[in-house]
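Pasted below: my_file-v3.pdb, PDB, C-alpha atoms, pLDDT in the B column.
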ATOM      1  CA  MET A  39      19.316   3.017  18.813  1.00 95.00           C
ATOM      2  CA  ILE A  40      19.136   3.038  15.018  1.00 97.00           C
ATOM      3  CA  ARG A  41      20.272   6.469  13.871  1.00 98.00           C
ATOM      4  CA  LEU A  42      18.317   7.687  10.844  1.00 98.00           C
ATOM      5  CA  LEU A  43      18.778  10.399   8.235  1.00 98.00           C
ATOM      6  CA  LEU A  44      15.531  11.408   6.540  1.00 97.00           C
ATOM      7  CA  ALA A  45      15.773  13.173   3.163  1.00 97.00           C
ATOM      8  CA  GLU A  46      12.477  14.315   1.657  1.00 95.00           C
ATOM      9  CA  ASP A  47      11.839  17.573  -0.190  1.00 94.00           C
ATOM     10  CA  GLN A  48       8.246  17.970   1.018  1.00 93.00           C
ATOM     11  CA  GLY A  49       8.477  19.483   4.473  1.00 93.00           C
ATOM     12  CA  MET A  50       5.146  18.213   5.771  1.00 94.00           C
ATOM     13  CA  MET A  51       5.876  14.648   4.630  1.00 92.00           C
ATOM     14  CA  ARG A  52       9.385  14.816   6.116  1.00 94.00           C
ATOM     15  CA  GLY A  53       8.054  16.073   9.443  1.00 94.00           C
ATOM     16  CA  ALA A  54       5.328  13.423   9.604  1.00 92.00           C
ATOM     17  CA  LEU A  55       7.762  10.612   8.799  1.00 92.00           C
ATOM     18  CA  ALA A  56      10.241  11.889  11.393  1.00 95.00           C
ATOM     19  CA  LEU A  57       7.509  12.065  14.027  1.00 94.00           C
ATOM     20  CA  LEU A  58       6.328   8.515  13.295  1.00 92.00           C
ATOM     21  CA  LEU A  59       9.809   7.006  13.140  1.00 94.00           C
ATOM     22  CA  ASN A  60      10.832   8.700  16.400  1.00 95.00           C
ATOM     23  CA  LEU A  61       7.918   6.870  18.083  1.00 94.00           C
ATOM     24  CA  GLU A  62       9.688   3.571  17.410  1.00 94.00           C
ATOM     25  CA  PRO A  63      11.507   2.521  20.607  1.00 95.00           C
ATOM     26  CA  ASP A  64      14.751   1.657  18.782  1.00 96.00           C
ATOM     27  CA  MET A  65      14.908   4.519  16.238  1.00 97.00           C
ATOM     28  CA  GLU A  66      15.981   8.128  16.302  1.00 97.00           C
ATOM     29  CA  VAL A  67      15.919  10.585  13.392  1.00 97.00           C
ATOM     30  CA  VAL A  68      19.250  12.370  13.876  1.00 98.00           C
ATOM     31  CA  ALA A  69      19.121  14.528  10.742  1.00 97.00           C
ATOM     32  CA  GLU A  70      16.608  15.763   8.183  1.00 97.00           C
ATOM     33  CA  ALA A  71      17.230  17.257   4.753  1.00 97.00           C
ATOM     34  CA  GLY A  72      15.163  18.648   1.899  1.00 96.00           C
ATOM     35  CA  THR A  73      17.716  18.310  -0.908  1.00 95.00           C
ATOM     36  CA  GLY A  74      20.175  15.724  -2.113  1.00 94.00           C
ATOM     37  CA  THR A  75      23.113  18.037  -1.407  1.00 95.00           C
ATOM     38  CA  ALA A  76      21.922  18.723   2.151  1.00 96.00           C
ATOM     39  CA  ALA A  77      21.316  14.997   2.717  1.00 97.00           C
ATOM     40  CA  LEU A  78      24.866  14.076   1.742  1.00 96.00           C
ATOM     41  CA  ALA A  79      26.343  16.841   3.905  1.00 97.00           C
ATOM     42  CA  ALA A  80      24.192  15.815   6.875  1.00 97.00           C
ATOM     43  CA  ALA A  81      25.097  12.142   6.456  1.00 97.00           C
ATOM     44  CA  LEU A  82      28.802  12.917   6.436  1.00 97.00           C
ATOM     45  CA  ARG A  83      28.353  15.096   9.528  1.00 97.00           C
ATOM     46  CA  VAL A  84      26.146  12.806  11.703  1.00 98.00           C
ATOM     47  CA  ARG A  85      27.059   9.385  10.212  1.00 98.00           C
ATOM     48  CA  PRO A  86      23.631   7.692  10.428  1.00 98.00           C
ATOM     49  CA  ASP A  87      23.110   3.939  10.360  1.00 98.00           C
ATOM     50  CA  VAL A  88      20.377   4.216   7.714  1.00 98.00           C
ATOM     51  CA  ALA A  89      19.520   6.984   5.239  1.00 98.00           C
ATOM     52  CA  LEU A  90      15.919   7.163   4.033  1.00 97.00           C
ATOM     53  CA  LEU A  91      16.003   8.993   0.706  1.00 96.00           C
ATOM     54  CA  ASP A  92      13.257  10.270  -1.569  1.00 94.00           C
ATOM     55  CA  ILE A  93      14.081   9.808  -5.260  1.00 90.00           C
ATOM     56  CA  GLU A  94      13.035  13.150  -6.667  1.00 87.00           C
ATOM     57  CA  MET A  95      14.602  15.993  -4.702  1.00 90.00           C
ATOM     58  CA  PRO A  96      16.208  19.228  -5.803  1.00 89.00           C
ATOM     59  CA  GLY A  97      19.981  19.484  -5.520  1.00 88.00           C
ATOM     60  CA  GLY A  98      20.661  15.886  -6.511  1.00 86.00           C
ATOM     61  CA  SER A  99      18.242  12.981  -6.644  1.00 89.00           C
ATOM     62  CA  GLY A 100      18.018  10.261  -4.044  1.00 92.00           C
ATOM     63  CA  LEU A 101      19.724   7.993  -6.567  1.00 90.00           C
ATOM     64  CA  ASP A 102      22.669  10.396  -6.873  1.00 92.00           C
ATOM     65  CA  THR A 103      22.823  10.721  -3.090  1.00 95.00           C
ATOM     66  CA  ALA A 104      22.729   6.924  -2.651  1.00 95.00           C
ATOM     67  CA  ALA A 105      25.674   6.518  -5.023  1.00 94.00           C
ATOM     68  CA  ALA A 106      27.624   9.253  -3.217  1.00 96.00           C
ATOM     69  CA  LEU A 107      26.916   7.645   0.166  1.00 96.00           C
ATOM     70  CA  ARG A 108      28.130   4.281  -1.115  1.00 95.00           C
ATOM     71  CA  ARG A 109      31.458   5.918  -2.025  1.00 96.00           C
ATOM     72  CA  GLN A 110      31.869   8.343   0.880  1.00 96.00           C
ATOM     73  CA  LEU A 111      30.082   6.623   3.781  1.00 96.00           C
ATOM     74  CA  PRO A 112      29.818   2.903   2.966  1.00 95.00           C
ATOM     75  CA  SER A 113      28.716   2.007   6.508  1.00 95.00           C
ATOM     76  CA  CYS A 114      25.422   3.876   5.951  1.00 97.00           C
ATOM     77  CA  ARG A 115      22.632   1.689   4.559  1.00 97.00           C
ATOM     78  CA  VAL A 116      20.283   3.364   2.078  1.00 97.00           C
ATOM     79  CA  LEU A 117      16.544   2.819   1.827  1.00 96.00           C
ATOM     80  CA  ILE A 118      14.781   4.615  -1.031  1.00 93.00           C
ATOM     81  CA  LEU A 119      11.239   5.876  -0.411  1.00 90.00           C
ATOM     82  CA  THR A 120       9.285   7.106  -3.376  1.00 84.00           C
ATOM     83  CA  THR A 121       5.899   8.067  -4.667  1.00 81.00           C
ATOM     84  CA  PHE A 122       7.060   6.865  -8.076  1.00 70.00           C
ATOM     85  CA  GLY A 123       6.978   3.070  -8.184  1.00 70.00           C
ATOM     86  CA  ARG A 124       8.727   2.772 -11.532  1.00 73.00           C
ATOM     87  CA  PRO A 125      10.667  -0.375 -12.416  1.00 70.00           C
ATOM     88  CA  GLY A 126      13.618   1.551 -13.871  1.00 75.00           C
ATOM     89  CA  TYR A 127      13.991   3.503 -10.626  1.00 79.00           C
ATOM     90  CA  LEU A 128      14.263   0.243  -8.710  1.00 81.00           C
ATOM     91  CA  ARG A 129      17.065  -1.004 -10.957  1.00 80.00           C
ATOM     92  CA  ARG A 130      18.906   2.318 -10.782  1.00 83.00           C
ATOM     93  CA  ALA A 131      18.524   2.431  -6.984  1.00 87.00           C
ATOM     94  CA  MET A 132      20.036  -1.025  -6.583  1.00 86.00           C
ATOM     95  CA  GLU A 133      22.878  -0.103  -8.945  1.00 86.00           C
ATOM     96  CA  ALA A 134      23.494   3.016  -6.817  1.00 90.00           C
ATOM     97  CA  GLY A 135      23.893   0.869  -3.708  1.00 91.00           C
ATOM     98  CA  ALA A 136      20.458   1.130  -2.088  1.00 94.00           C
ATOM     99  CA  ARG A 137      19.586  -1.823   0.150  1.00 95.00           C
ATOM    100  CA  GLY A 138      15.852  -1.188   0.036  1.00 93.00           C
ATOM    101  CA  PHE A 139      13.166   0.396  -2.111  1.00 90.00           C
ATOM    102  CA  LEU A 140       9.651   1.120  -0.851  1.00 90.00           C
ATOM    103  CA  VAL A 141       6.689   3.027  -2.226  1.00 85.00           C
ATOM    104  CA  LYS A 142       5.413   5.711   0.179  1.00 84.00           C
ATOM    105  CA  ASP A 143       1.812   4.529   0.246  1.00 81.00           C
ATOM    106  CA  GLY A 144       2.609   1.580   2.539  1.00 79.00           C
ATOM    107  CA  PRO A 145       1.970   1.563   6.300  1.00 79.00           C
ATOM    108  CA  VAL A 146       4.588   3.109   8.588  1.00 78.00           C
ATOM    109  CA  GLU A 147       4.972  -0.218  10.413  1.00 82.00           C
ATOM    110  CA  GLU A 148       6.346  -1.708   7.179  1.00 89.00           C
ATOM    111  CA  LEU A 149       8.837   1.144   6.965  1.00 92.00           C
ATOM    112  CA  ALA A 150      10.100   0.507  10.495  1.00 93.00           C
ATOM    113  CA  VAL A 151      10.459  -3.225   9.756  1.00 94.00           C
ATOM    114  CA  ALA A 152      12.258  -2.402   6.488  1.00 95.00           C
ATOM    115  CA  VAL A 153      14.718  -0.119   8.316  1.00 96.00           C
ATOM    116  CA  ARG A 154      15.564  -2.906  10.751  1.00 96.00           C
ATOM    117  CA  ARG A 155      15.966  -5.455   7.947  1.00 96.00           C
ATOM    118  CA  VAL A 156      18.177  -3.160   5.858  1.00 96.00           C
ATOM    119  CA  LEU A 157      20.377  -2.485   8.881  1.00 95.00           C
ATOM    120  CA  ALA A 158      20.660  -6.260   9.393  1.00 95.00           C
ATOM    121  CA  GLY A 159      22.069  -6.549   5.863  1.00 93.00           C
ATOM    122  CA  GLU A 160      18.958  -7.713   4.049  1.00 94.00           C
ATOM    123  CA  ARG A 161      17.530  -6.280   0.832  1.00 93.00           C
ATOM    124  CA  VAL A 162      13.974  -4.993   1.092  1.00 93.00           C
ATOM    125  CA  VAL A 163      11.961  -4.314  -2.057  1.00 89.00           C
ATOM    126  CA  ASP A 164       8.267  -3.622  -2.540  1.00 83.00           C
ATOM    127  CA  PRO A 165       7.019  -6.975  -3.975  1.00 79.00           C
ATOM    128  CA  ALA A 166       4.724  -5.475  -6.637  1.00 76.00           C
ATOM    129  CA  LEU A 167       7.516  -3.231  -7.854  1.00 76.00           C
ATOM    130  CA  ALA A 168       9.981  -6.126  -7.966  1.00 76.00           C
ATOM    131  CA  ALA A 169       7.554  -8.097 -10.150  1.00 72.00           C
ATOM    132  CA  ALA A 170       7.046  -5.082 -12.446  1.00 73.00           C
ATOM    133  CA  ALA A 171      10.817  -4.599 -12.754  1.00 71.00           C
ATOM    134  CA  LEU A 172      11.279  -8.219 -13.791  1.00 71.00           C
ATOM    135  CA  ALA A 173       8.441  -7.950 -16.319  1.00 69.00           C
ATOM    136  CA  THR A 174       9.732  -4.692 -17.801  1.00 73.00           C
ATOM    137  CA  GLY A 175      13.306  -5.856 -18.224  1.00 70.00           C
ATOM    138  CA  PRO A 176      16.439  -3.727 -18.129  1.00 78.00           C
ATOM    139  CA  ASN A 177      16.692  -0.174 -19.397  1.00 82.00           C
ATOM    140  CA  PRO A 178      17.370  -0.443 -23.143  1.00 89.00           C
ATOM    141  CA  LEU A 179      18.742   3.094 -23.442  1.00 91.00           C
ATOM    142  CA  THR A 180      22.424   3.959 -23.253  1.00 91.00           C
ATOM    143  CA  GLU A 181      23.570   6.736 -20.954  1.00 90.00           C
ATOM    144  CA  ARG A 182      23.996   9.097 -23.922  1.00 93.00           C
ATOM    145  CA  GLU A 183      20.548   8.242 -25.335  1.00 94.00           C
ATOM    146  CA  ARG A 184      19.011   9.014 -21.931  1.00 91.00           C
ATOM    147  CA  GLU A 185      20.928  12.280 -21.763  1.00 92.00           C
ATOM    148  CA  VAL A 186      19.806  13.388 -25.239  1.00 93.00           C
ATOM    149  CA  LEU A 187      16.206  12.297 -24.657  1.00 92.00           C
ATOM    150  CA  ALA A 188      16.078  14.122 -21.321  1.00 89.00           C
ATOM    151  CA  ALA A 189      17.461  17.286 -22.941  1.00 90.00           C
ATOM    152  CA  ALA A 190      14.796  17.094 -25.664  1.00 88.00           C
ATOM    153  CA  VAL A 191      11.892  16.468 -23.302  1.00 83.00           C
ATOM    154  CA  ASP A 192      11.002  20.133 -22.771  1.00 82.00           C
ATOM    155  CA  GLY A 193      10.408  20.735 -26.479  1.00 81.00           C
ATOM    156  CA  ALA A 194      13.955  21.817 -27.265  1.00 87.00           C
ATOM    157  CA  THR A 195      14.900  21.684 -30.917  1.00 90.00           C
ATOM    158  CA  VAL A 196      17.611  19.372 -32.240  1.00 92.00           C
ATOM    159  CA  ALA A 197      19.856  22.434 -32.573  1.00 93.00           C
ATOM    160  CA  ASP A 198      19.190  23.421 -28.943  1.00 91.00           C
ATOM    161  CA  VAL A 199      19.995  19.924 -27.691  1.00 92.00           C
ATOM    162  CA  ALA A 200      23.137  19.764 -29.843  1.00 93.00           C
ATOM    163  CA  ALA A 201      24.370  23.087 -28.445  1.00 93.00           C
ATOM    164  CA  ARG A 202      23.512  22.169 -24.852  1.00 91.00           C
ATOM    165  CA  LEU A 203      25.298  18.803 -25.020  1.00 93.00           C
ATOM    166  CA  HIS A 204      28.136  19.865 -27.337  1.00 94.00           C
ATOM    167  CA  LEU A 205      27.138  17.384 -30.046  1.00 94.00           C
ATOM    168  CA  SER A 206      26.467  17.742 -33.753  1.00 93.00           C
ATOM    169  CA  GLU A 207      22.848  17.935 -34.866  1.00 91.00           C
ATOM    170  CA  SER A 208      23.177  14.702 -36.830  1.00 92.00           C
ATOM    171  CA  THR A 209      24.501  12.939 -33.724  1.00 93.00           C
ATOM    172  CA  VAL A 210      21.527  14.200 -31.702  1.00 93.00           C
ATOM    173  CA  ARG A 211      19.149  12.946 -34.420  1.00 92.00           C
ATOM    174  CA  ASN A 212      20.855   9.543 -34.334  1.00 93.00           C
ATOM    175  CA  TYR A 213      20.527   9.258 -30.547  1.00 93.00           C
ATOM    176  CA  LEU A 214      16.879  10.351 -30.657  1.00 93.00           C
ATOM    177  CA  SER A 215      16.162   7.868 -33.435  1.00 91.00           C
ATOM    178  CA  ALA A 216      17.795   5.078 -31.440  1.00 92.00           C
ATOM    179  CA  ALA A 217      15.784   6.002 -28.327  1.00 92.00           C
ATOM    180  CA  ILE A 218      12.536   6.049 -30.314  1.00 91.00           C
ATOM    181  CA  GLY A 219      13.313   2.641 -31.779  1.00 91.00           C
ATOM    182  CA  LYS A 220      14.287   1.098 -28.455  1.00 90.00           C
ATOM    183  CA  THR A 221      11.159   2.392 -26.696  1.00 88.00           C
ATOM    184  CA  GLY A 222       8.882   1.252 -29.542  1.00 87.00           C
ATOM    185  CA  THR A 223       7.366   4.714 -29.917  1.00 90.00           C
ATOM    186  CA  ARG A 224       6.652   7.027 -32.860  1.00 89.00           C
ATOM    187  CA  ASN A 225       8.427  10.224 -31.812  1.00 90.00           C
ATOM    188  CA  ARG A 226      10.689  11.740 -29.155  1.00 88.00           C
ATOM    189  CA  ILE A 227       7.759  12.990 -27.035  1.00 87.00           C
ATOM    190  CA  GLU A 228       6.346   9.458 -26.802  1.00 89.00           C
ATOM    191  CA  ALA A 229       9.843   8.056 -26.252  1.00 91.00           C
ATOM    192  CA  ALA A 230      10.442  10.472 -23.375  1.00 89.00           C
ATOM    193  CA  HIS A 231       7.041   9.666 -21.859  1.00 86.00           C
ATOM    194  CA  THR A 232       7.677   5.916 -22.060  1.00 86.00           C
ATOM    195  CA  ALA A 233      11.198   6.288 -20.671  1.00 87.00           C
ATOM    196  CA  ARG A 234       9.986   8.441 -17.789  1.00 84.00           C
ATOM    197  CA  ALA A 235       7.053   6.098 -17.014  1.00 81.00           C
ATOM    198  CA  ASN A 236       9.499   3.204 -16.716  1.00 80.00           C
ATOM    199  CA  GLY A 237      11.976   5.178 -14.611  1.00 79.00           C
ATOM    200  CA  TRP A 238      14.654   5.139 -17.311  1.00 83.00           C
ATOM    201  CA  LEU A 239      15.106   8.953 -17.328  1.00 81.00           C
TER
END
Rendering of file as structure tokens:
Amino acid sequence: MIRLLLAEDQGMMRGALALLLNLEPDMEVVAEAGTGTAALAAALRVRPDVALLDIEMPGGSGLDTAAALRRQLPSCRVLILTTFGRPGYLRRAMEAGARGFLVKDGPVEELAVAVRRVLAGERVVDPALAAAALATGPNPLTEREREVLAAAVDGATVADVAARLHLSESTVRNYLSAAIGKTGTRNRIEAAHTARANGWL
């Protein structure tokens, strides 16, 4: 039996996926979680063969959880499931150690096949998303530029961002200016929108 951990913050979606995967003759969902923190704790407790992780969850994203699993439970294969088919997410997932990346709107049969392939050591990536990731190119933003842009996304002033990140206001302006230039946008709102749409934030 393939032992699965299912981490998805939407309870109805998590329950439906668990029900469908448990119908597979060679699969058993041995743990479910609604947050990244709970997923990591459950994985360390039950030691699944494969962890199916949503990207956007409270208490740590699926990307954070994938990276933690790579360090703390390297025998567990990670397959990212997401509603958000953004090229930057795919790159970040692979960098975090995920072996697969699928968009949730595919048929459940494809998910079961992907689980088996990931367990066998293969990489499984949604083909349309792989093509988009190659076309988009790598994330042009540095870690600090992403951090500053993310802190400014909610309309925070330069002074607010500087205080929150323990930076000078001129440093924040420099990072925002760099992010705007690299995203080819006119202001930080557009830069944040472009970065988020590409999965860079």
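For the file shown, the residue list from the PyMOL selection byres ((chain A and resi 124-140) around 6) reads Leu101, Ala104, Ala105, Val116, Leu117, Ile118, Leu119, Phe122, Gly123, Val141, Arg161, Val162, Val163, Asp164, Ala170, Ala171, Asn236, Gly237 and Trp238 of chain A.
Closest approach to Ala158 of chain A among A:Leu172, A:Ala229, A:Val199, A:Val88 is made by A:Val88 (distances from all atoms listed in the file).
Each of A:Ala76, A:Ala230, A:Leu58, A:Leu111 was checked against Val146 of chain A using all atoms listed in the file; the smallest atom-to-atom distance is that of A:Leu58.
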_Just want the 6 Å neighbourhood of Met95 of chain A, counted on all atoms listed in the file, with same-chain residues fewer than 3 positions away dropped. Output as a ChimeraX atom specification._
/A:47,73,99
*Tell me which residues the PyMOL selection byres ((chain A and resi 59) around 10) grabs here, as an MDAnalysis selection string.*
chainID A and resid 42 44 53:58 60:67 146:147 149:150 153
*Mind checking which residues fall within 12 Å of Ala69 of chain A, counting all atoms listed in the file, ignoring those fewer than 6 positions away in the same chain, and posting them as a count of residues only?*
26
*Polymer residues at most 12 Å from (6.0, 5.7, -22.2) by only C-alpha atoms, as JSON, numbers by chain*: {"A": [124, 174, 217, 218, 220, 221, 222, 223, 224, 225, 226, 227, 228, 229, 230, 231, 232, 233, 234, 235, 236, 237, 238, 239]}
*Which residues, written as a PyMOL selection string, have at least one atom at most 9 Å from Leu203 of chain A, with only C-alpha atoms counted and residues fewer than 6 positions away on the same chain left out?*
chain A and resi 185-186+189+210
_Rounded to one decimal, what separation in Å do you get between atom CA of Ala194 of chain A and atom CA of Gly98 of chain A?_
22.6 Å
Do a neighbour search on Thr120 of chain A at 6 Å with all atoms listed in the file, toss out local chain neighbours closer than 3 positions, and write the hits as a tab-separated table (two decimals) with C-alpha atoms, in the coordinates of the input.
chain	number	residue	atom	x	y	z
A	92	ASP	CA	13.26	10.27	-1.57
A	93	ILE	CA	14.08	9.81	-5.26
A	141	VAL	CA	6.69	3.03	-2.23
A	142	LYS	CA	5.41	5.71	0.18
*With only C-alpha atoms as the atoms that count, which of A:Gly74, A:Ile40, A:Gly193, A:Leu205 lies nearest to Ala106 of chain A?*
A:Gly74
